[in-house]
Amino acid sequence: MSGLAPSFSPRRILLCGYYGEHNLGDDALLEVLNKQLPEGWQPLITAHDASAVQTLVPNATVVNRRSLKHVLKSIQHVQGVVLGGGSLLQDSTSFRSLLYYIVLIVVARAKRKPVLLWGQGLGPLKHPCSRFLVGLVLNGATSITWRDTASIQLAKQLGIKTTMSVAPDPVWTHQMNEHKGGGNIVLCWRPSQLLTDAGWSVLLQGVDYLSKSSNRSVTWLAFHANQDVNLLQTLTEKGLVPNTLAANSETVVAENIEHAEQIFSEASLVIAMRLHALILAIVNQCPTAGLSYDPKVEAAARTADVPWFDLSHLPSLEILLQQWQTCMKNPPSKSHLHSIRTQSYEHEKVLRLSLSRLEKNINI
C-alpha cells in the first residue's frame with residue numbers, strides 16, 4: 001500500500017473497481033465517484049497503476065488491486081466499502097474475477113463494514129454457483145444502485161432483498177462540452193470474439209466508404225490502452241483493412257479523459273464499441289453510433305436514443321452505411337441528454353444518503 005498515513009480519519013472509504021488499468025471508462029467512473037463523495041470522506045482506492053489514479057484524484061491513497069491480501073487488509077482502516085461502477089460482479093472474464101469481489105464483500109461484512117454498490121452492472125453470470133454466491137452476499141449490502149434495468153431484474157431473480165434502485169450509468173453526469181465538429185471519423189473499437197473476418201470486413205468496408213465519401217480521415221482511439229492499441233495493426237496484417245482506409249487511418253492512445261473529450265468534440269462521427277466511449281461521445285454532443293458486443297452497450301445506446309447494431313447480428317453493408325450517414329447529420333438531442341443526466345444523479349443521491357447515515361453512527 002502506498003501513501004497510507006499511520007493514523008486514519010474516522011471517515012475513510014475504500015473505493016473498489018477496475019482502476020489504474022489504463023481503461024478510460026473506469027477512469028471516468030472513478031472521477032465521477034470521487035466528486036460525488038460527501039465532503040470529509042477520504043478515499044482509499046484499489047488500483048494497479050497508482051500514478052494513473054493519482055492524476056485523477058490528487059493525493060489519493062492507493063492499495064494494489066491485484067493483491068487481494070493487501071486489499072482485504074486495508075478494510076480494517078476504513079469505515080465502509082464501495083464497489084464503484086462497471087460490471088464487477090460477472091463471470092464472463094473469469095470465475096476468479098467474480099470470486100475476488102465475493103471475498104471482498106464477505107470480509108467487509110465480517111468486519112462489520114457497510115458495503116455499498118454504486119452504479120453497478122450485474123452479470124453475465126453463466127454458472128449456477130456464480131448466481132448462488134452473488135444472491136447470497138448481496139443480501140448483506142447496505143445499498144445498491146444499478147446502471148440498467150437488466151441488472152436490477154437479474155438481482156431480483158437472484159432473490160436479493162437489499163434496497164435497490166436503477167439509474168443511467170454515473171458517467172452520464174460527466175461534464176458536458178460543446179461540440180465543434182468538422183473533424184475525423186473516430187472509432188472506439190476493441191477486439192471481439194463475436195466478429196469473424198467477414199464481420200470485420202463489413203465494418204471496415206463501411207468505414208472506408210464513409211471516409212472517402214465525406215473526405216474525412218479516421219482516428220482509431222484506443223480507449224483501453226493495452227487492449228485496443230494494436231487493433232488496426234492486427235486487422236491490417238490479416239488483410240482485412242482496405243488500402244485507402246489504411247492510408248487514411250491513425251491510431252491514437254488517449255492520454256486521459258480530457259484528451260478523449262477533445263477528440264470527441266471535433267469528431268464528425270464516433271462509432272463506439274466501448275461503453276464509456278459511447279457515453280462520453282454523446283455527453284460531448286457528438287453524432288454517435290454504437291456497436292454492441294455486450295448488452296450494456298445496447299442499453300446505453302437505447303437510453304440515449306442513438307443508433308446501434310449488435311456485433312453478433314450485423315446487417316448488410318448498405319444498411320450499415322445508411323445508418324452511419326444518417327447519424328453523421330444528426331447529433332444527439334441536448335434536451336434528452338439533460339433528462340438522462342438528471343436521472344443519473346440517483347447514484348449520487350443514494351451514495352450520499354448512505355454515507356450520511358453511516359457518519360451518524362460513527363459520531364454516536
# chains A, B, ... in the order shown; residues from 1 in each chain; ligands from 1
call {"tool": "closest_atom_pairs", "arguments": {"of": "range 250-324 of chain A", "to": "range 124-133 of chain A", "cutoff": "12 Å", "atoms": "only C-alpha atoms", "output": "CSV"}}
result
residue,atom,partner,partner_atom,distance
A:Asp294,CA,A:Pro124,CA,9.4
A:Pro295,CA,A:Pro124,CA,9.4
A:Lys296,CA,A:Pro124,CA,10.4
call {"tool": "select_by_dssp", "arguments": {"residues": "range 159-248 of chain A", "states": "strand (DSSP E)", "output": "list in words"}}
result
Met164, Ser165, Val166, Ile185, Val186, Leu187, Cys188, Val218, Thr219, Trp220, Leu221 and Ala222 of chain A
call {"tool": "select_by_dssp", "arguments": {"residues": "range 198-295 of chain A", "states": "alpha helix (DSSP H)", "output": "ChimeraX atom specification"}}
result
/A:198-214,225-228,231-237,243-247,257-266,275-283,295
call {"tool": "residues_around", "arguments": {"residues": "Asp26 in chain A", "least_positions_apart": "3", "cutoff": "10 Å", "atoms": "only C-alpha atoms", "output": "list in words"}}
result
Gly17, Tyr18, Tyr19, Gly20, Glu21, His22, Asn23, Leu29, Leu30, Glu31, Val32, Gly84, Gly85, Gly86, Val171, His224 and His276 of chain A
call {"tool": "write_last_selection", "arguments": {"atoms": "N, CA, C and O atoms", "output": "PDB file, in the first residue's frame"}}
result
ATOM      1  N   GLY A  17     -12.625  -1.000  -7.628  1.00  0.00           N
ATOM      2  CA  GLY A  17     -13.009  -1.069  -9.033  1.00  0.00           C
ATOM      3  C   GLY A  17     -11.820  -1.436  -9.895  1.00  0.00           C
ATOM      4  O   GLY A  17     -10.718  -1.701  -9.401  1.00  0.00           O
ATOM      5  N   TYR A  18     -12.047  -1.423 -11.192  1.00  0.00           N
ATOM      6  CA  TYR A  18     -11.004  -1.774 -12.161  1.00  0.00           C
ATOM      7  C   TYR A  18     -10.212  -0.511 -12.488  1.00  0.00           C
ATOM      8  O   TYR A  18     -10.157  -0.046 -13.623  1.00  0.00           O
ATOM      9  N   TYR A  19      -9.617   0.062 -11.441  1.00  0.00           N
ATOM     10  CA  TYR A  19      -8.948   1.351 -11.578  1.00  0.00           C
ATOM     11  C   TYR A  19      -7.447   1.168 -11.821  1.00  0.00           C
ATOM     12  O   TYR A  19      -6.854   0.168 -11.422  1.00  0.00           O
ATOM     13  N   GLY A  20      -6.857   2.177 -12.469  1.00  0.00           N
ATOM     14  CA  GLY A  20      -5.425   2.140 -12.717  1.00  0.00           C
ATOM     15  C   GLY A  20      -5.012   1.039 -13.675  1.00  0.00           C
ATOM     16  O   GLY A  20      -3.883   0.546 -13.620  1.00  0.00           O
ATOM     17  N   GLU A  21      -5.916   0.645 -14.575  1.00  0.00           N
ATOM     18  CA  GLU A  21      -5.633  -0.397 -15.562  1.00  0.00           C
ATOM     19  C   GLU A  21      -5.590   0.174 -16.984  1.00  0.00           C
ATOM     20  O   GLU A  21      -5.670  -0.549 -17.963  1.00  0.00           O
ATOM     21  N   HIS A  22      -5.499   1.498 -17.074  1.00  0.00           N
ATOM     22  CA  HIS A  22      -5.391   2.209 -18.358  1.00  0.00           C
ATOM     23  C   HIS A  22      -6.614   2.007 -19.245  1.00  0.00           C
ATOM     24  O   HIS A  22      -6.503   1.892 -20.461  1.00  0.00           O
ATOM     25  N   ASN A  23      -7.770   1.955 -18.594  1.00  0.00           N
ATOM     26  CA  ASN A  23      -9.051   1.917 -19.294  1.00  0.00           C
ATOM     27  C   ASN A  23      -9.778   3.219 -18.955  1.00  0.00           C
ATOM     28  O   ASN A  23     -10.167   3.434 -17.802  1.00  0.00           O
ATOM     29  N   LEU A  29     -15.360   6.638 -14.426  1.00  0.00           N
ATOM     30  CA  LEU A  29     -16.179   6.237 -13.277  1.00  0.00           C
ATOM     31  C   LEU A  29     -15.550   6.704 -11.967  1.00  0.00           C
ATOM     32  O   LEU A  29     -16.239   7.233 -11.083  1.00  0.00           O
ATOM     33  N   LEU A  30     -14.253   6.505 -11.829  1.00  0.00           N
ATOM     34  CA  LEU A  30     -13.568   6.922 -10.609  1.00  0.00           C
ATOM     35  C   LEU A  30     -13.639   8.432 -10.423  1.00  0.00           C
ATOM     36  O   LEU A  30     -13.875   8.924  -9.308  1.00  0.00           O
ATOM     37  N   GLU A  31     -13.457   9.162 -11.511  1.00  0.00           N
ATOM     38  CA  GLU A  31     -13.509  10.625 -11.441  1.00  0.00           C
ATOM     39  C   GLU A  31     -14.869  11.088 -10.940  1.00  0.00           C
ATOM     40  O   GLU A  31     -14.967  11.953 -10.065  1.00  0.00           O
ATOM     41  N   VAL A  32     -15.941  10.500 -11.474  1.00  0.00           N
ATOM     42  CA  VAL A  32     -17.291  10.869 -11.065  1.00  0.00           C
ATOM     43  C   VAL A  32     -17.547  10.442  -9.616  1.00  0.00           C
ATOM     44  O   VAL A  32     -18.088  11.224  -8.817  1.00  0.00           O
ATOM     45  N   GLY A  84     -17.361   0.487  -6.985  1.00  0.00           N
ATOM     46  CA  GLY A  84     -17.621   1.716  -7.731  1.00  0.00           C
ATOM     47  C   GLY A  84     -17.716   1.603  -9.224  1.00  0.00           C
ATOM     48  O   GLY A  84     -16.741   1.855  -9.936  1.00  0.00           O
ATOM     49  N   GLY A  85     -18.850   1.220  -9.710  1.00  0.00           N
ATOM     50  CA  GLY A  85     -19.118   1.292 -11.143  1.00  0.00           C
ATOM     51  C   GLY A  85     -18.545   0.135 -11.928  1.00  0.00           C
ATOM     52  O   GLY A  85     -17.659  -0.593 -11.487  1.00  0.00           O
ATOM     53  N   GLY A  86     -19.084  -0.039 -13.137  1.00  0.00           N
ATOM     54  CA  GLY A  86     -18.636  -1.119 -14.004  1.00  0.00           C
ATOM     55  C   GLY A  86     -19.408  -2.399 -13.747  1.00  0.00           C
ATOM     56  O   GLY A  86     -20.358  -2.442 -12.976  1.00  0.00           O
ATOM     57  N   VAL A 171     -21.487   7.888 -15.425  1.00  0.00           N
ATOM     58  CA  VAL A 171     -20.664   8.712 -16.324  1.00  0.00           C
ATOM     59  C   VAL A 171     -21.517   9.664 -17.162  1.00  0.00           C
ATOM     60  O   VAL A 171     -21.012  10.643 -17.704  1.00  0.00           O
ATOM     61  N   HIS A 224      -8.964   1.693 -24.245  1.00  0.00           N
ATOM     62  CA  HIS A 224      -8.220   0.847 -23.317  1.00  0.00           C
ATOM     63  C   HIS A 224      -6.831   0.700 -23.914  1.00  0.00           C
ATOM     64  O   HIS A 224      -6.641   0.007 -24.915  1.00  0.00           O
ATOM     65  N   HIS A 276     -18.181   3.356 -22.282  1.00  0.00           N
ATOM     66  CA  HIS A 276     -17.999   4.725 -21.798  1.00  0.00           C
ATOM     67  C   HIS A 276     -17.473   5.662 -22.875  1.00  0.00           C
ATOM     68  O   HIS A 276     -17.598   6.881 -22.748  1.00  0.00           O
TER      69      HIS A 276
END
call {"tool": "closest_atom_pairs", "arguments": {"of": "range 234-287 of chain A", "to": "range 54-60 of chain A", "cutoff": "12 Å", "atoms": "only C-alpha atoms", "output": "Markdown table"}}
result
| residue | atom | partner | partner_atom | distance |
| --- | --- | --- | --- | --- |
| A:Glu255 | CA | A:Thr55 | CA | 11.2 |
| A:Asn256 | CA | A:Leu56 | CA | 8.9 |
| A:Ile257 | CA | A:Leu56 | CA | 9.3 |
| A:Glu258 | CA | A:Leu56 | CA | 10.8 |
call {"tool": "residues_around", "arguments": {"residues": "Gly183 in chain A", "least_positions_apart": "6", "cutoff": "7 Å", "atoms": "only C-alpha atoms", "output": "ChimeraX atom specification"}}
result
/A:266-268
call {"tool": "closest_residue", "arguments": {"among": "A:Ala47, A:Arg112, A:Pro38, A:Cys16", "to": "Ser87 in chain A", "atoms": "only C-alpha atoms"}}
result
A:Cys16
call {"tool": "closest_atom_pairs", "arguments": {"of": "range 258-309 of chain A", "to": "range 321-331 of chain A", "cutoff": "9 Å", "atoms": "only C-alpha atoms", "output": "JSON lines"}}
result
{"residue": "A:Ser268", "atom": "CA", "partner": "A:Met328", "partner_atom": "CA", "distance": 6.5}
{"residue": "A:Leu269", "atom": "CA", "partner": "A:Met328", "partner_atom": "CA", "distance": 5.6}
{"residue": "A:Val270", "atom": "CA", "partner": "A:Met328", "partner_atom": "CA", "distance": 8.7}
{"residue": "A:Ile271", "atom": "CA", "partner": "A:Trp324", "partner_atom": "CA", "distance": 8.4}
{"residue": "A:Ile282", "atom": "CA", "partner": "A:Pro331", "partner_atom": "CA", "distance": 8.3}
{"residue": "A:Gln285", "atom": "CA", "partner": "A:Pro331", "partner_atom": "CA", "distance": 6.2}
{"residue": "A:Cys286", "atom": "CA", "partner": "A:Pro331", "partner_atom": "CA", "distance": 5.6}
{"residue": "A:Pro287", "atom": "CA", "partner": "A:Pro331", "partner_atom": "CA", "distance": 4.2}
{"residue": "A:Thr288", "atom": "CA", "partner": "A:Cys327", "partner_atom": "CA", "distance": 6.7}
{"residue": "A:Ala289", "atom": "CA", "partner": "A:Cys327", "partner_atom": "CA", "distance": 6.9}
{"residue": "A:Val306", "atom": "CA", "partner": "A:Cys327", "partner_atom": "CA", "distance": 8.0}
{"residue": "A:Pro307", "atom": "CA", "partner": "A:Gln323", "partner_atom": "CA", "distance": 7.1}
{"residue": "A:Trp308", "atom": "CA", "partner": "A:Gln323", "partner_atom": "CA", "distance": 8.5}
call {"tool": "write_last_selection", "arguments": {"atoms": "all heavy atoms", "output": "CSV table (one decimal), in the first residue's frame"}}
result
chain,number,residue,atom,x,y,z
A,268,SER,N,-16.5,14.2,-36.5
A,268,SER,CA,-17.7,14.3,-37.3
A,268,SER,C,-18.7,13.2,-37.0
A,268,SER,O,-19.9,13.2,-37.2
A,268,SER,CB,-17.4,14.4,-38.8
A,268,SER,OG,-16.6,13.3,-39.1
A,269,LEU,N,-18.1,12.1,-36.5
A,269,LEU,CA,-18.9,10.9,-36.1
A,269,LEU,C,-18.0,10.0,-35.2
A,269,LEU,O,-16.8,9.8,-35.5
A,269,LEU,CB,-19.3,10.1,-37.4
A,269,LEU,CG,-20.0,8.7,-37.1
A,269,LEU,CD1,-21.4,9.0,-36.5
A,269,LEU,CD2,-20.1,7.9,-38.4
A,270,VAL,N,-18.6,9.5,-34.2
A,270,VAL,CA,-18.0,8.5,-33.3
A,270,VAL,C,-18.7,7.2,-33.4
A,270,VAL,O,-19.9,7.1,-33.3
A,270,VAL,CB,-17.9,8.9,-31.8
A,270,VAL,CG1,-17.4,7.8,-30.9
A,270,VAL,CG2,-17.1,10.2,-31.7
A,271,ILE,N,-18.0,6.1,-33.8
A,271,ILE,CA,-18.6,4.8,-33.8
A,271,ILE,C,-17.9,4.0,-32.7
A,271,ILE,O,-16.7,3.7,-32.7
A,271,ILE,CB,-18.3,4.1,-35.2
A,271,ILE,CG1,-18.8,5.0,-36.3
A,271,ILE,CG2,-19.1,2.7,-35.2
A,271,ILE,CD1,-18.5,4.4,-37.7
A,282,ILE,N,-21.4,11.1,-26.5
A,282,ILE,CA,-22.8,11.6,-26.5
A,282,ILE,C,-22.8,12.8,-25.5
A,282,ILE,O,-23.4,13.9,-25.9
A,282,ILE,CB,-23.8,10.6,-26.1
A,282,ILE,CG1,-23.9,9.5,-27.2
A,282,ILE,CG2,-25.2,11.2,-26.0
A,282,ILE,CD1,-24.7,8.3,-26.8
A,285,GLN,N,-21.9,15.7,-27.1
A,285,GLN,CA,-22.8,16.1,-28.1
A,285,GLN,C,-22.4,15.8,-29.6
A,285,GLN,O,-22.7,16.5,-30.5
A,285,GLN,CB,-23.2,17.5,-28.0
A,285,GLN,CG,-23.8,17.8,-26.6
A,285,GLN,CD,-24.0,19.3,-26.3
A,285,GLN,OE1,-24.7,20.0,-27.0
A,285,GLN,NE2,-23.2,19.8,-25.3
A,286,CYS,N,-21.6,14.7,-29.7
A,286,CYS,CA,-21.1,14.3,-31.0
A,286,CYS,C,-22.0,13.3,-31.6
A,286,CYS,O,-22.6,12.4,-30.9
A,286,CYS,CB,-19.7,13.7,-30.8
A,286,CYS,SG,-19.0,13.1,-32.4
A,287,PRO,N,-22.3,13.4,-32.9
A,287,PRO,CA,-23.0,12.3,-33.6
A,287,PRO,C,-22.4,11.0,-33.3
A,287,PRO,O,-21.2,10.8,-33.5
A,287,PRO,CB,-22.9,12.6,-35.1
A,287,PRO,CG,-22.7,14.1,-35.1
A,287,PRO,CD,-21.9,14.4,-33.9
A,288,THR,N,-23.1,10.0,-32.7
A,288,THR,CA,-22.6,8.8,-32.2
A,288,THR,C,-23.4,7.6,-32.6
A,288,THR,O,-24.6,7.6,-32.5
A,288,THR,CB,-22.5,8.9,-30.7
A,288,THR,OG1,-21.7,10.0,-30.3
A,288,THR,CG2,-21.8,7.6,-30.1
A,289,ALA,N,-22.8,6.5,-33.0
A,289,ALA,CA,-23.4,5.2,-33.3
A,289,ALA,C,-22.7,4.1,-32.4
A,289,ALA,O,-21.5,4.2,-32.2
A,289,ALA,CB,-23.3,4.9,-34.8
A,306,VAL,N,-29.7,6.6,-29.6
A,306,VAL,CA,-28.8,6.7,-30.7
A,306,VAL,C,-28.8,5.4,-31.4
A,306,VAL,O,-29.0,4.3,-30.8
A,306,VAL,CB,-27.4,7.1,-30.3
A,306,VAL,CG1,-27.4,8.5,-29.6
A,306,VAL,CG2,-26.7,6.1,-29.4
A,307,PRO,N,-28.4,5.3,-32.7
A,307,PRO,CA,-28.5,4.1,-33.5
A,307,PRO,C,-27.4,3.1,-33.0
A,307,PRO,O,-26.3,3.6,-32.6
A,307,PRO,CB,-28.2,4.5,-34.9
A,307,PRO,CG,-27.6,5.9,-34.8
A,307,PRO,CD,-28.1,6.5,-33.6
A,308,TRP,N,-27.6,1.8,-33.2
A,308,TRP,CA,-26.6,0.8,-32.8
A,308,TRP,C,-26.9,-0.5,-33.6
A,308,TRP,O,-28.0,-0.7,-34.1
A,308,TRP,CB,-26.7,0.5,-31.3
A,308,TRP,CG,-28.1,0.0,-30.9
A,308,TRP,CD1,-29.2,0.8,-30.6
A,308,TRP,CD2,-28.5,-1.3,-30.7
A,308,TRP,NE1,-30.2,0.0,-30.3
A,308,TRP,CE2,-29.8,-1.3,-30.3
A,308,TRP,CE3,-27.8,-2.6,-30.9
A,308,TRP,CZ2,-30.5,-2.5,-30.1
A,308,TRP,CZ3,-28.5,-3.7,-30.7
A,308,TRP,CH2,-29.8,-3.7,-30.3
call {"tool": "residues_around", "arguments": {"residues": "range 138-142 of chain A", "least_positions_apart": "5", "cutoff": "6 Å", "atoms": "only C-alpha atoms", "output": "PyMOL selection string"}}
result
chain A and resi 114-116+160-162
call {"tool": "write_last_selection", "arguments": {"atoms": "C-alpha atoms", "output": "short mmCIF file (atom, residue, chain, number, x, y, z; two decimals), in the first residue's frame"}}
result
data_model
loop_
_atom_site.label_atom_id
_atom_site.label_comp_id
_atom_site.auth_asym_id
_atom_site.auth_seq_id
_atom_site.Cartn_x
_atom_site.Cartn_y
_atom_site.Cartn_z
CA PRO A 114 -21.06 -1.41 5.29
CA VAL A 115 -20.84 -2.38 1.61
CA LEU A 116 -22.34 -0.03 -1.00
CA ILE A 160 -31.75 -10.01 -3.49
CA LYS A 161 -33.90 -8.07 -0.98
CA THR A 162 -31.49 -5.21 -0.26
#
call {"tool": "atom_distance", "arguments": {"atom1": "CA of Gln262 in chain A", "atom2": "CA of Leu245 in chain A"}}
result
22.9 Å
call {"tool": "residues_around", "arguments": {"residues": "Tyr345 in chain A", "least_positions_apart": "3", "cutoff": "8 Å", "atoms": "only C-alpha atoms", "output": "count of residues only"}}
result
7
call {"tool": "residues_around", "arguments": {"residues": "Ala277 in chain A", "least_positions_apart": "6", "cutoff": "8 Å", "atoms": "only C-alpha atoms", "output": "list in words"}}
result
Gly25, Cys188 and Phe223 of chain A
call {"tool": "write_last_selection", "arguments": {"atoms": "N, CA and C atoms", "output": "PDB file, in the first residue's frame"}}
result
ATOM      1  N   GLY A  25     -12.694   4.260 -19.483  1.00  0.00           N
ATOM      2  CA  GLY A  25     -14.049   4.122 -18.961  1.00  0.00           C
ATOM      3  C   GLY A  25     -14.052   4.024 -17.449  1.00  0.00           C
ATOM      4  N   CYS A 188     -13.907   3.917 -31.650  1.00  0.00           N
ATOM      5  CA  CYS A 188     -13.529   3.415 -30.325  1.00  0.00           C
ATOM      6  C   CYS A 188     -13.866   1.925 -30.313  1.00  0.00           C
ATOM      7  N   PHE A 223      -9.254   3.385 -26.372  1.00  0.00           N
ATOM      8  CA  PHE A 223      -9.859   3.771 -25.099  1.00  0.00           C
ATOM      9  C   PHE A 223      -9.278   2.944 -23.961  1.00  0.00           C
TER      10      PHE A 223
END
